[in-house]
>>> print(open('entry-v6.tsv').read())   # TSV, N, CA, C and O atoms
chain	number	residue	atom	x	y	z
A	1	PHE	N	40.56	-16.32	40.91
A	1	PHE	CA	41.56	-15.35	41.28
A	1	PHE	C	41.03	-14.54	42.44
A	1	PHE	O	39.98	-13.90	42.34
A	2	ASN	N	41.69	-14.59	43.53
A	2	ASN	CA	41.24	-13.89	44.73
A	2	ASN	C	42.04	-12.62	44.98
A	2	ASN	O	42.51	-12.36	46.07
A	3	GLY	N	42.19	-11.83	43.94
A	3	GLY	CA	42.93	-10.59	44.07
A	3	GLY	C	42.10	-9.49	44.71
A	3	GLY	O	40.91	-9.64	44.93
A	4	THR	N	42.76	-8.39	44.96
A	4	THR	CA	42.06	-7.22	45.48
A	4	THR	C	41.22	-6.63	44.36
A	4	THR	O	41.36	-7.00	43.19
A	5	ASP	N	40.35	-5.68	44.70
A	5	ASP	CA	39.55	-5.03	43.66
A	5	ASP	C	40.44	-4.37	42.62
A	5	ASP	O	40.16	-4.43	41.42
A	6	HIS	N	41.53	-3.75	43.06
A	6	HIS	CA	42.45	-3.11	42.12
A	6	HIS	C	43.11	-4.16	41.21
A	6	HIS	O	43.18	-3.96	40.00
A	7	GLN	N	43.56	-5.27	41.78
A	7	GLN	CA	44.18	-6.32	40.98
A	7	GLN	C	43.18	-6.90	39.98
A	7	GLN	O	43.50	-7.13	38.82
A	8	ASN	N	41.95	-7.12	40.43
A	8	ASN	CA	40.91	-7.64	39.54
A	8	ASN	C	40.65	-6.69	38.38
A	8	ASN	O	40.38	-7.12	37.26
A	9	SER	N	40.73	-5.39	38.62
A	9	SER	CA	40.48	-4.42	37.56
A	9	SER	C	41.58	-4.44	36.49
A	9	SER	O	41.37	-3.97	35.38
A	10	LEU	N	42.74	-4.98	36.82
A	10	LEU	CA	43.85	-5.05	35.87
A	10	LEU	C	43.81	-6.29	34.98
A	10	LEU	O	44.55	-6.36	34.00
A	11	VAL	N	42.96	-7.24	35.30
A	11	VAL	CA	42.87	-8.46	34.50
A	11	VAL	C	42.08	-8.17	33.23
A	11	VAL	O	40.95	-7.69	33.28
A	12	LEU	N	42.68	-8.45	32.08
A	12	LEU	CA	42.05	-8.16	30.79
A	12	LEU	C	41.36	-9.39	30.20
A	12	LEU	O	40.48	-9.27	29.37
A	13	GLY	N	41.79	-10.56	30.57
A	13	GLY	CA	41.22	-11.77	29.99
A	13	GLY	C	41.90	-13.00	30.53
A	13	GLY	O	42.58	-12.95	31.52
A	14	GLY	N	41.67	-14.10	29.84
A	14	GLY	CA	42.25	-15.36	30.28
A	14	GLY	C	42.59	-16.22	29.09
A	14	GLY	O	42.35	-15.85	27.94
A	15	GLN	N	43.13	-17.37	29.35
A	15	GLN	CA	43.58	-18.26	28.28
A	15	GLN	C	43.34	-19.70	28.70
A	15	GLN	O	43.55	-20.07	29.84
A	16	ALA	N	42.93	-20.50	27.73
A	16	ALA	CA	42.80	-21.95	27.94
A	16	ALA	C	43.70	-22.64	26.93
A	16	ALA	O	43.58	-22.42	25.74
A	17	SER	N	44.59	-23.45	27.42
A	17	SER	CA	45.51	-24.18	26.53
A	17	SER	C	45.06	-25.64	26.43
A	17	SER	O	44.49	-26.19	27.36
A	18	MET	N	45.33	-26.24	25.29
A	18	MET	CA	44.96	-27.64	25.10
A	18	MET	C	46.16	-28.40	24.57
A	18	MET	O	46.76	-28.00	23.57
A	19	TRP	N	46.51	-29.47	25.22
A	19	TRP	CA	47.56	-30.36	24.74
A	19	TRP	C	47.27	-31.74	25.30
A	19	TRP	O	46.53	-31.90	26.26
A	20	GLY	N	47.82	-32.73	24.70
A	20	GLY	CA	47.65	-34.08	25.20
A	20	GLY	C	48.12	-35.12	24.21
A	20	GLY	O	48.24	-34.86	23.01
A	21	GLU	N	48.37	-36.29	24.72
A	21	GLU	CA	48.85	-37.38	23.88
A	21	GLU	C	47.76	-37.91	22.98
A	21	GLU	O	48.04	-38.51	21.95
A	22	TRP	N	46.51	-37.74	23.37
A	22	TRP	CA	45.39	-38.30	22.62
A	22	TRP	C	44.62	-37.24	21.86
A	22	TRP	O	43.47	-37.45	21.49
A	23	VAL	N	45.21	-36.09	21.62
A	23	VAL	CA	44.56	-35.01	20.89
A	23	VAL	C	45.29	-34.82	19.57
A	23	VAL	O	46.50	-34.67	19.54
A	24	ASP	N	44.53	-34.85	18.48
A	24	ASP	CA	45.10	-34.60	17.16
A	24	ASP	C	44.06	-33.86	16.32
A	24	ASP	O	43.04	-33.42	16.84
A	25	ALA	N	44.31	-33.71	15.05
A	25	ALA	CA	43.41	-32.94	14.18
A	25	ALA	C	42.00	-33.53	14.13
A	25	ALA	O	41.04	-32.81	13.90
A	26	SER	N	41.87	-34.83	14.36
A	26	SER	CA	40.55	-35.46	14.26
A	26	SER	C	39.66	-35.18	15.46
A	26	SER	O	38.43	-35.30	15.37
A	27	ASN	N	40.22	-34.83	16.61
A	27	ASN	CA	39.38	-34.60	17.79
A	27	ASN	C	39.70	-33.29	18.53
A	27	ASN	O	39.20	-33.07	19.62
A	28	PHE	N	40.51	-32.45	17.92
A	28	PHE	CA	40.91	-31.21	18.58
A	28	PHE	C	39.72	-30.34	18.97
A	28	PHE	O	39.61	-29.88	20.10
A	29	MET	N	38.81	-30.11	18.03
A	29	MET	CA	37.67	-29.22	18.31
A	29	MET	C	36.74	-29.81	19.37
A	29	MET	O	36.29	-29.09	20.26
A	30	THR	N	36.46	-31.08	19.29
A	30	THR	CA	35.55	-31.68	20.26
A	30	THR	C	36.16	-31.76	21.65
A	30	THR	O	35.43	-31.80	22.64
A	31	ARG	N	37.45	-31.76	21.74
A	31	ARG	CA	38.12	-31.75	23.05
A	31	ARG	C	38.29	-30.32	23.58
A	31	ARG	O	38.22	-30.08	24.77
A	32	THR	N	38.56	-29.40	22.66
A	32	THR	CA	38.90	-28.04	23.07
A	32	THR	C	37.70	-27.20	23.46
A	32	THR	O	37.71	-26.54	24.51
A	33	TRP	N	36.66	-27.16	22.64
A	33	TRP	CA	35.56	-26.23	22.88
A	33	TRP	C	34.84	-26.44	24.21
A	33	TRP	O	34.62	-25.46	24.94
A	34	PRO	N	34.46	-27.65	24.58
A	34	PRO	CA	33.81	-27.78	25.89
A	34	PRO	C	34.70	-27.32	27.04
A	34	PRO	O	34.24	-26.67	27.98
A	35	ARG	N	35.98	-27.60	26.96
A	35	ARG	CA	36.90	-27.18	28.02
A	35	ARG	C	37.11	-25.67	28.00
A	35	ARG	O	37.15	-25.02	29.05
A	36	ALA	N	37.24	-25.10	26.81
A	36	ALA	CA	37.41	-23.65	26.71
A	36	ALA	C	36.17	-22.91	27.20
A	36	ALA	O	36.27	-21.87	27.84
A	37	MET	N	34.99	-23.46	26.93
A	37	MET	CA	33.76	-22.84	27.42
A	37	MET	C	33.70	-22.89	28.94
A	37	MET	O	33.19	-21.96	29.58
A	38	SER	N	34.22	-23.95	29.53
A	38	SER	CA	34.26	-24.03	30.99
A	38	SER	C	35.17	-22.96	31.57
A	38	SER	O	34.84	-22.33	32.58
A	39	VAL	N	36.31	-22.76	30.94
A	39	VAL	CA	37.24	-21.71	31.39
A	39	VAL	C	36.58	-20.34	31.24
A	39	VAL	O	36.63	-19.52	32.16
A	40	ALA	N	35.94	-20.10	30.10
A	40	ALA	CA	35.28	-18.81	29.88
A	40	ALA	C	34.17	-18.58	30.90
A	40	ALA	O	34.00	-17.46	31.40
A	41	GLU	N	33.43	-19.63	31.21
A	41	GLU	CA	32.36	-19.52	32.21
A	41	GLU	C	32.91	-19.02	33.53
A	41	GLU	O	32.35	-18.14	34.17
A	42	ARG	N	34.04	-19.56	33.93
A	42	ARG	CA	34.63	-19.16	35.22
A	42	ARG	C	35.24	-17.76	35.14
A	42	ARG	O	35.11	-16.96	36.06
A	43	LEU	N	35.91	-17.46	34.03
A	43	LEU	CA	36.58	-16.17	33.91
A	43	LEU	C	35.61	-15.00	33.85
A	43	LEU	O	35.89	-13.93	34.40
A	44	TRP	N	34.51	-15.16	33.16
A	44	TRP	CA	33.63	-14.02	32.93
A	44	TRP	C	32.35	-14.03	33.74
A	44	TRP	O	31.51	-13.17	33.59
A	45	SER	N	32.20	-15.01	34.61
A	45	SER	CA	31.04	-15.02	35.50
A	45	SER	C	31.41	-14.32	36.80
A	45	SER	O	32.56	-14.38	37.24
A	46	PRO	N	30.43	-13.67	37.43
A	46	PRO	CA	30.73	-13.06	38.72
A	46	PRO	C	31.08	-14.13	39.76
A	46	PRO	O	30.68	-15.29	39.63
A	47	LYS	N	31.83	-13.76	40.77
A	47	LYS	CA	32.23	-14.72	41.81
A	47	LYS	C	31.02	-15.36	42.47
A	47	LYS	O	31.08	-16.51	42.88
A	48	SER	N	29.92	-14.61	42.55
A	48	SER	CA	28.72	-15.13	43.21
A	48	SER	C	28.07	-16.25	42.41
A	48	SER	O	27.27	-17.02	42.94
A	49	LEU	N	28.43	-16.37	41.15
A	49	LEU	CA	27.87	-17.41	40.28
A	49	LEU	C	28.85	-18.58	40.25
A	49	LEU	O	29.75	-18.63	39.43
A	50	SER	N	28.70	-19.52	41.18
A	50	SER	CA	29.70	-20.57	41.31
A	50	SER	C	29.10	-21.98	41.38
A	50	SER	O	29.79	-22.92	41.77
A	51	ASN	N	27.85	-22.13	40.99
A	51	ASN	CA	27.22	-23.44	41.01
A	51	ASN	C	27.60	-24.22	39.75
A	51	ASN	O	27.22	-23.85	38.65
A	52	ALA	N	28.34	-25.31	39.92
A	52	ALA	CA	28.83	-26.07	38.77
A	52	ALA	C	27.70	-26.70	37.96
A	52	ALA	O	27.80	-26.78	36.73
A	53	THR	N	26.64	-27.12	38.61
A	53	THR	CA	25.51	-27.72	37.90
A	53	THR	C	24.85	-26.70	36.98
A	53	THR	O	24.52	-27.01	35.83
A	54	GLU	N	24.67	-25.49	37.46
A	54	GLU	CA	24.08	-24.43	36.64
A	54	GLU	C	25.03	-24.05	35.50
A	54	GLU	O	24.59	-23.78	34.38
A	55	ALA	N	26.32	-24.04	35.76
A	55	ALA	CA	27.29	-23.72	34.71
A	55	ALA	C	27.25	-24.80	33.63
A	55	ALA	O	27.30	-24.49	32.44
A	56	GLN	N	27.16	-26.04	34.04
A	56	GLN	CA	27.08	-27.14	33.08
A	56	GLN	C	25.87	-26.97	32.17
A	56	GLN	O	25.95	-27.18	30.96
A	57	TYR	N	24.75	-26.54	32.74
A	57	TYR	CA	23.53	-26.31	31.95
A	57	TYR	C	23.76	-25.20	30.92
A	57	TYR	O	23.40	-25.33	29.77
A	58	ARG	N	24.39	-24.09	31.33
A	58	ARG	CA	24.66	-22.98	30.41
A	58	ARG	C	25.62	-23.40	29.29
A	58	ARG	O	25.43	-23.04	28.12
A	59	ILE	N	26.64	-24.17	29.63
A	59	ILE	CA	27.58	-24.64	28.61
A	59	ILE	C	26.88	-25.57	27.63
A	59	ILE	O	27.07	-25.46	26.42
A	60	PHE	N	26.04	-26.46	28.14
A	60	PHE	CA	25.29	-27.38	27.28
A	60	PHE	C	24.37	-26.59	26.35
A	60	PHE	O	24.27	-26.89	25.16
A	61	GLN	N	23.71	-25.55	26.86
A	61	GLN	CA	22.85	-24.70	26.03
A	61	GLN	C	23.66	-24.07	24.90
A	61	GLN	O	23.20	-24.00	23.77
A	62	ARG	N	24.86	-23.61	25.20
A	62	ARG	CA	25.71	-22.97	24.19
A	62	ARG	C	26.12	-23.98	23.11
A	62	ARG	O	26.10	-23.68	21.93
A	63	LEU	N	26.48	-25.17	23.53
A	63	LEU	CA	26.85	-26.20	22.56
A	63	LEU	C	25.68	-26.56	21.67
A	63	LEU	O	25.84	-26.78	20.47
A	64	CYS	N	24.49	-26.62	22.24
A	64	CYS	CA	23.29	-26.96	21.46
A	64	CYS	C	22.88	-25.80	20.55
A	64	CYS	O	22.37	-26.03	19.45
A	65	ALA	N	23.13	-24.58	20.98
A	65	ALA	CA	22.75	-23.41	20.18
A	65	ALA	C	23.63	-23.28	18.94
A	65	ALA	O	23.18	-22.81	17.90
A	66	ASP	N	24.87	-23.71	19.05
A	66	ASP	CA	25.80	-23.61	17.91
A	66	ASP	C	26.66	-24.86	17.84
A	66	ASP	O	27.84	-24.84	18.20
A	67	PRO	N	26.09	-25.97	17.37
A	67	PRO	CA	26.87	-27.21	17.31
A	67	PRO	C	28.02	-27.16	16.32
A	67	PRO	O	28.87	-28.03	16.31
A	68	SER	N	28.08	-26.11	15.50
A	68	SER	CA	29.18	-26.02	14.53
A	68	SER	C	30.53	-25.93	15.22
A	68	SER	O	31.56	-26.23	14.61
A	69	VAL	N	30.55	-25.53	16.49
A	69	VAL	CA	31.84	-25.47	17.19
A	69	VAL	C	32.42	-26.86	17.39
A	69	VAL	O	33.60	-27.00	17.68
A	70	LEU	N	31.61	-27.88	17.21
A	70	LEU	CA	32.10	-29.25	17.39
A	70	LEU	C	32.33	-29.98	16.08
A	70	LEU	O	32.70	-31.13	16.05
A	71	ILE	N	32.09	-29.31	14.96
A	71	ILE	CA	32.27	-29.94	13.66
A	71	ILE	C	33.69	-29.69	13.18
A	71	ILE	O	34.16	-28.55	13.14
A	72	VAL	N	34.37	-30.73	12.82
A	72	VAL	CA	35.76	-30.63	12.38
A	72	VAL	C	35.83	-30.80	10.88
A	72	VAL	O	35.21	-31.69	10.31
A	73	ASN	N	36.58	-29.94	10.21
A	73	ASN	CA	36.79	-30.06	8.79
A	73	ASN	C	37.85	-31.13	8.56
A	73	ASN	O	39.02	-30.93	8.84
A	74	MET	N	37.45	-32.26	8.06
A	74	MET	CA	38.35	-33.38	7.90
A	74	MET	C	39.07	-33.39	6.54
A	74	MET	O	39.81	-34.29	6.24
A	75	THR	N	38.82	-32.37	5.71
A	75	THR	CA	39.43	-32.36	4.38
A	75	THR	C	40.87	-31.87	4.40
A	75	THR	O	41.59	-32.07	3.43
A	76	GLY	N	41.27	-31.23	5.44
A	76	GLY	CA	42.66	-30.73	5.55
A	76	GLY	C	42.83	-29.42	4.82
A	76	GLY	O	41.91	-28.88	4.23
A	77	PRO	N	44.04	-28.86	4.91
A	77	PRO	CA	44.30	-27.54	4.29
A	77	PRO	C	44.34	-27.61	2.77
A	77	PRO	O	44.52	-28.61	2.17
>>> encode(input="entry-v6.tsv", output="structure tokens")
Amino acid sequence: FNGTDHQNSLVLGGQASMWGEWVDASNFMTRTWPRAMSVAERLWSPKSLSNATEAQYRIFQRLCADPSVLIVNMTGP
């Protein structure tokens, strides 16, 4: 977002949506979390932090630190 300083100060957060023909309950978490972490990386990192390789490393560290974000409960409700 290349807004003015005032416009940037009005932004409260962001959103990542997930949809697709090949996404269902069995793979929703494994498809969603890596993509959502990428969105969060961009939304909450300073503009000066824009190296994709370094971002990939940080996202990978987060996934390794808490692999439970990729575990899906297959037992249903």
>>> atom_distance(input="entry-v6.tsv", atom1="CA of Thr4 in chain A", atom2="atom N of Ala16 in chain A")
22.2 Å
>>> atom_distance(input="entry-v6.tsv", atom1="CA of Ser17 in chain A", atom2="atom C of Glu41 in chain A")
15.3 Å
>>> select_by_dssp(input="entry-v6.tsv", residues="chain A", states="alpha helix (DSSP H)", output="count of residues only")
37
>>> closest_residue(input="entry-v6.tsv", among="A:Met37, A:Met29, A:Trp22, A:Gln15", to="Arg58 in chain A", atoms="only N, CA, C and O atoms")
A:Met37
>>> atom_distance(input="entry-v6.tsv", atom1="CA of Lys47 in chain A", atom2="CA of Gly3 in chain A")
11.7 Å
>>> decode(input="entry-v6.tsv", residues="range 19-33 of chain A", atoms="all heavy atoms", output="PDB file, in the first residue's frame")
ATOM      1  N   TRP A  19      -9.758 -19.639  -0.936  1.00  0.00           N
ATOM      2  CA  TRP A  19     -10.796 -20.389  -1.625  1.00  0.00           C
ATOM      3  C   TRP A  19     -10.127 -21.128  -2.777  1.00  0.00           C
ATOM      4  O   TRP A  19      -9.034 -20.797  -3.201  1.00  0.00           O
ATOM      5  CB  TRP A  19     -11.907 -19.476  -2.132  1.00  0.00           C
ATOM      6  CG  TRP A  19     -11.476 -18.552  -3.228  1.00  0.00           C
ATOM      7  CD1 TRP A  19     -11.537 -18.766  -4.568  1.00  0.00           C
ATOM      8  CD2 TRP A  19     -10.885 -17.261  -3.066  1.00  0.00           C
ATOM      9  NE1 TRP A  19     -11.026 -17.701  -5.256  1.00  0.00           N
ATOM     10  CE2 TRP A  19     -10.606 -16.749  -4.355  1.00  0.00           C
ATOM     11  CE3 TRP A  19     -10.549 -16.471  -1.973  1.00  0.00           C
ATOM     12  CZ2 TRP A  19     -10.031 -15.509  -4.579  1.00  0.00           C
ATOM     13  CZ3 TRP A  19      -9.974 -15.246  -2.192  1.00  0.00           C
ATOM     14  CH2 TRP A  19      -9.728 -14.774  -3.483  1.00  0.00           C
ATOM     15  N   GLY A  20     -10.774 -22.130  -3.257  1.00  0.00           N
ATOM     16  CA  GLY A  20     -10.240 -22.856  -4.394  1.00  0.00           C
ATOM     17  C   GLY A  20     -10.968 -24.156  -4.629  1.00  0.00           C
ATOM     18  O   GLY A  20     -11.632 -24.693  -3.739  1.00  0.00           O
ATOM     19  N   GLU A  21     -10.833 -24.651  -5.826  1.00  0.00           N
ATOM     20  CA  GLU A  21     -11.498 -25.893  -6.191  1.00  0.00           C
ATOM     21  C   GLU A  21     -10.851 -27.098  -5.523  1.00  0.00           C
ATOM     22  O   GLU A  21     -11.484 -28.132  -5.362  1.00  0.00           O
ATOM     23  CB  GLU A  21     -11.452 -26.061  -7.712  1.00  0.00           C
ATOM     24  CG  GLU A  21     -12.222 -24.993  -8.443  1.00  0.00           C
ATOM     25  CD  GLU A  21     -11.994 -25.029  -9.938  1.00  0.00           C
ATOM     26  OE1 GLU A  21     -11.136 -25.799 -10.402  1.00  0.00           O
ATOM     27  OE2 GLU A  21     -12.680 -24.271 -10.647  1.00  0.00           O
ATOM     28  N   TRP A  22      -9.590 -26.978  -5.161  1.00  0.00           N
ATOM     29  CA  TRP A  22      -8.849 -28.110  -4.606  1.00  0.00           C
ATOM     30  C   TRP A  22      -8.620 -27.962  -3.114  1.00  0.00           C
ATOM     31  O   TRP A  22      -7.735 -28.595  -2.552  1.00  0.00           O
ATOM     32  CB  TRP A  22      -7.521 -28.269  -5.337  1.00  0.00           C
ATOM     33  CG  TRP A  22      -7.731 -28.452  -6.805  1.00  0.00           C
ATOM     34  CD1 TRP A  22      -7.529 -27.511  -7.785  1.00  0.00           C
ATOM     35  CD2 TRP A  22      -8.220 -29.605  -7.468  1.00  0.00           C
ATOM     36  NE1 TRP A  22      -7.846 -28.011  -9.008  1.00  0.00           N
ATOM     37  CE2 TRP A  22      -8.283 -29.321  -8.840  1.00  0.00           C
ATOM     38  CE3 TRP A  22      -8.626 -30.859  -7.039  1.00  0.00           C
ATOM     39  CZ2 TRP A  22      -8.722 -30.239  -9.774  1.00  0.00           C
ATOM     40  CZ3 TRP A  22      -9.050 -31.771  -7.982  1.00  0.00           C
ATOM     41  CH2 TRP A  22      -9.098 -31.455  -9.334  1.00  0.00           C
ATOM     42  N   VAL A  23      -9.386 -27.125  -2.441  1.00  0.00           N
ATOM     43  CA  VAL A  23      -9.252 -26.923  -1.000  1.00  0.00           C
ATOM     44  C   VAL A  23     -10.500 -27.461  -0.326  1.00  0.00           C
ATOM     45  O   VAL A  23     -11.615 -27.113  -0.694  1.00  0.00           O
ATOM     46  CB  VAL A  23      -9.064 -25.431  -0.650  1.00  0.00           C
ATOM     47  CG1 VAL A  23      -8.966 -25.233   0.841  1.00  0.00           C
ATOM     48  CG2 VAL A  23      -7.834 -24.878  -1.350  1.00  0.00           C
ATOM     49  N   ASP A  24     -10.296 -28.334   0.659  1.00  0.00           N
ATOM     50  CA  ASP A  24     -11.414 -28.856   1.438  1.00  0.00           C
ATOM     51  C   ASP A  24     -10.937 -29.052   2.877  1.00  0.00           C
ATOM     52  O   ASP A  24      -9.849 -28.611   3.246  1.00  0.00           O
ATOM     53  CB  ASP A  24     -11.969 -30.140   0.829  1.00  0.00           C
ATOM     54  CG  ASP A  24     -10.936 -31.259   0.750  1.00  0.00           C
ATOM     55  OD1 ASP A  24      -9.943 -31.234   1.507  1.00  0.00           O
ATOM     56  OD2 ASP A  24     -11.129 -32.177  -0.059  1.00  0.00           O
ATOM     57  N   ALA A  25     -11.730 -29.692   3.694  1.00  0.00           N
ATOM     58  CA  ALA A  25     -11.394 -29.861   5.113  1.00  0.00           C
ATOM     59  C   ALA A  25     -10.092 -30.629   5.322  1.00  0.00           C
ATOM     60  O   ALA A  25      -9.416 -30.434   6.325  1.00  0.00           O
ATOM     61  CB  ALA A  25     -12.537 -30.562   5.838  1.00  0.00           C
ATOM     62  N   SER A  26      -9.717 -31.474   4.373  1.00  0.00           N
ATOM     63  CA  SER A  26      -8.513 -32.288   4.558  1.00  0.00           C
ATOM     64  C   SER A  26      -7.225 -31.509   4.323  1.00  0.00           C
ATOM     65  O   SER A  26      -6.162 -31.914   4.792  1.00  0.00           O
ATOM     66  CB  SER A  26      -8.550 -33.504   3.635  1.00  0.00           C
ATOM     67  OG  SER A  26      -8.397 -33.104   2.286  1.00  0.00           O
ATOM     68  N   ASN A  27      -7.268 -30.401   3.596  1.00  0.00           N
ATOM     69  CA  ASN A  27      -6.035 -29.659   3.323  1.00  0.00           C
ATOM     70  C   ASN A  27      -6.152 -28.150   3.576  1.00  0.00           C
ATOM     71  O   ASN A  27      -5.255 -27.396   3.222  1.00  0.00           O
ATOM     72  CB  ASN A  27      -5.581 -29.914   1.890  1.00  0.00           C
ATOM     73  CG  ASN A  27      -6.544 -29.397   0.850  1.00  0.00           C
ATOM     74  OD1 ASN A  27      -7.539 -28.748   1.155  1.00  0.00           O
ATOM     75  ND2 ASN A  27      -6.258 -29.693  -0.401  1.00  0.00           N
ATOM     76  N   PHE A  28      -7.238 -27.740   4.193  1.00  0.00           N
ATOM     77  CA  PHE A  28      -7.453 -26.308   4.421  1.00  0.00           C
ATOM     78  C   PHE A  28      -6.323 -25.663   5.220  1.00  0.00           C
ATOM     79  O   PHE A  28      -5.789 -24.629   4.839  1.00  0.00           O
ATOM     80  CB  PHE A  28      -8.798 -26.089   5.129  1.00  0.00           C
ATOM     81  CG  PHE A  28      -9.064 -24.650   5.456  1.00  0.00           C
ATOM     82  CD1 PHE A  28      -9.484 -23.788   4.461  1.00  0.00           C
ATOM     83  CD2 PHE A  28      -8.878 -24.162   6.737  1.00  0.00           C
ATOM     84  CE1 PHE A  28      -9.721 -22.454   4.743  1.00  0.00           C
ATOM     85  CE2 PHE A  28      -9.108 -22.834   7.024  1.00  0.00           C
ATOM     86  CZ  PHE A  28      -9.537 -21.973   6.029  1.00  0.00           C
ATOM     87  N   MET A  29      -5.950 -26.276   6.342  1.00  0.00           N
ATOM     88  CA  MET A  29      -4.915 -25.681   7.197  1.00  0.00           C
ATOM     89  C   MET A  29      -3.556 -25.643   6.505  1.00  0.00           C
ATOM     90  O   MET A  29      -2.845 -24.643   6.587  1.00  0.00           O
ATOM     91  CB  MET A  29      -4.810 -26.431   8.519  1.00  0.00           C
ATOM     92  CG  MET A  29      -6.055 -26.320   9.368  1.00  0.00           C
ATOM     93  SD  MET A  29      -6.378 -24.647   9.925  1.00  0.00           S
ATOM     94  CE  MET A  29      -5.327 -24.589  11.344  1.00  0.00           C
ATOM     95  N   THR A  30      -3.190 -26.704   5.831  1.00  0.00           N
ATOM     96  CA  THR A  30      -1.881 -26.726   5.184  1.00  0.00           C
ATOM     97  C   THR A  30      -1.813 -25.778   3.998  1.00  0.00           C
ATOM     98  O   THR A  30      -0.724 -25.340   3.631  1.00  0.00           O
ATOM     99  CB  THR A  30      -1.510 -28.154   4.717  1.00  0.00           C
ATOM    100  OG1 THR A  30      -2.524 -28.636   3.841  1.00  0.00           O
ATOM    101  CG2 THR A  30      -1.356 -29.085   5.891  1.00  0.00           C
ATOM    102  N   ARG A  31      -2.922 -25.452   3.421  1.00  0.00           N
ATOM    103  CA  ARG A  31      -2.946 -24.474   2.323  1.00  0.00           C
ATOM    104  C   ARG A  31      -3.043 -23.044   2.850  1.00  0.00           C
ATOM    105  O   ARG A  31      -2.489 -22.125   2.275  1.00  0.00           O
ATOM    106  CB  ARG A  31      -4.134 -24.731   1.396  1.00  0.00           C
ATOM    107  CG  ARG A  31      -4.173 -26.077   0.787  1.00  0.00           C
ATOM    108  CD  ARG A  31      -3.459 -26.092  -0.515  1.00  0.00           C
ATOM    109  NE  ARG A  31      -3.493 -27.452  -1.035  1.00  0.00           N
ATOM    110  CZ  ARG A  31      -3.459 -27.743  -2.295  1.00  0.00           C
ATOM    111  NH1 ARG A  31      -3.373 -26.785  -3.175  1.00  0.00           N
ATOM    112  NH2 ARG A  31      -3.479 -28.979  -2.684  1.00  0.00           N
ATOM    113  N   THR A  32      -3.791 -22.876   3.934  1.00  0.00           N
ATOM    114  CA  THR A  32      -4.074 -21.530   4.424  1.00  0.00           C
ATOM    115  C   THR A  32      -2.931 -20.907   5.210  1.00  0.00           C
ATOM    116  O   THR A  32      -2.562 -19.756   4.964  1.00  0.00           O
ATOM    117  CB  THR A  32      -5.346 -21.544   5.295  1.00  0.00           C
ATOM    118  OG1 THR A  32      -6.413 -22.083   4.519  1.00  0.00           O
ATOM    119  CG2 THR A  32      -5.711 -20.155   5.763  1.00  0.00           C
ATOM    120  N   TRP A  33      -2.367 -21.621   6.175  1.00  0.00           N
ATOM    121  CA  TRP A  33      -1.385 -21.003   7.067  1.00  0.00           C
ATOM    122  C   TRP A  33      -0.148 -20.467   6.368  1.00  0.00           C
ATOM    123  O   TRP A  33       0.251 -19.329   6.629  1.00  0.00           O
ATOM    124  CB  TRP A  33      -1.018 -21.945   8.212  1.00  0.00           C
ATOM    125  CG  TRP A  33      -2.003 -21.838   9.316  1.00  0.00           C
ATOM    126  CD1 TRP A  33      -2.947 -22.748   9.664  1.00  0.00           C
ATOM    127  CD2 TRP A  33      -2.187 -20.732  10.205  1.00  0.00           C
ATOM    128  NE1 TRP A  33      -3.704 -22.280  10.705  1.00  0.00           N
ATOM    129  CE2 TRP A  33      -3.252 -21.042  11.059  1.00  0.00           C
ATOM    130  CE3 TRP A  33      -1.564 -19.498  10.341  1.00  0.00           C
ATOM    131  CZ2 TRP A  33      -3.698 -20.174  12.051  1.00  0.00           C
ATOM    132  CZ3 TRP A  33      -2.005 -18.638  11.339  1.00  0.00           C
ATOM    133  CH2 TRP A  33      -3.060 -18.978  12.171  1.00  0.00           C
TER     134      TRP A  33
END
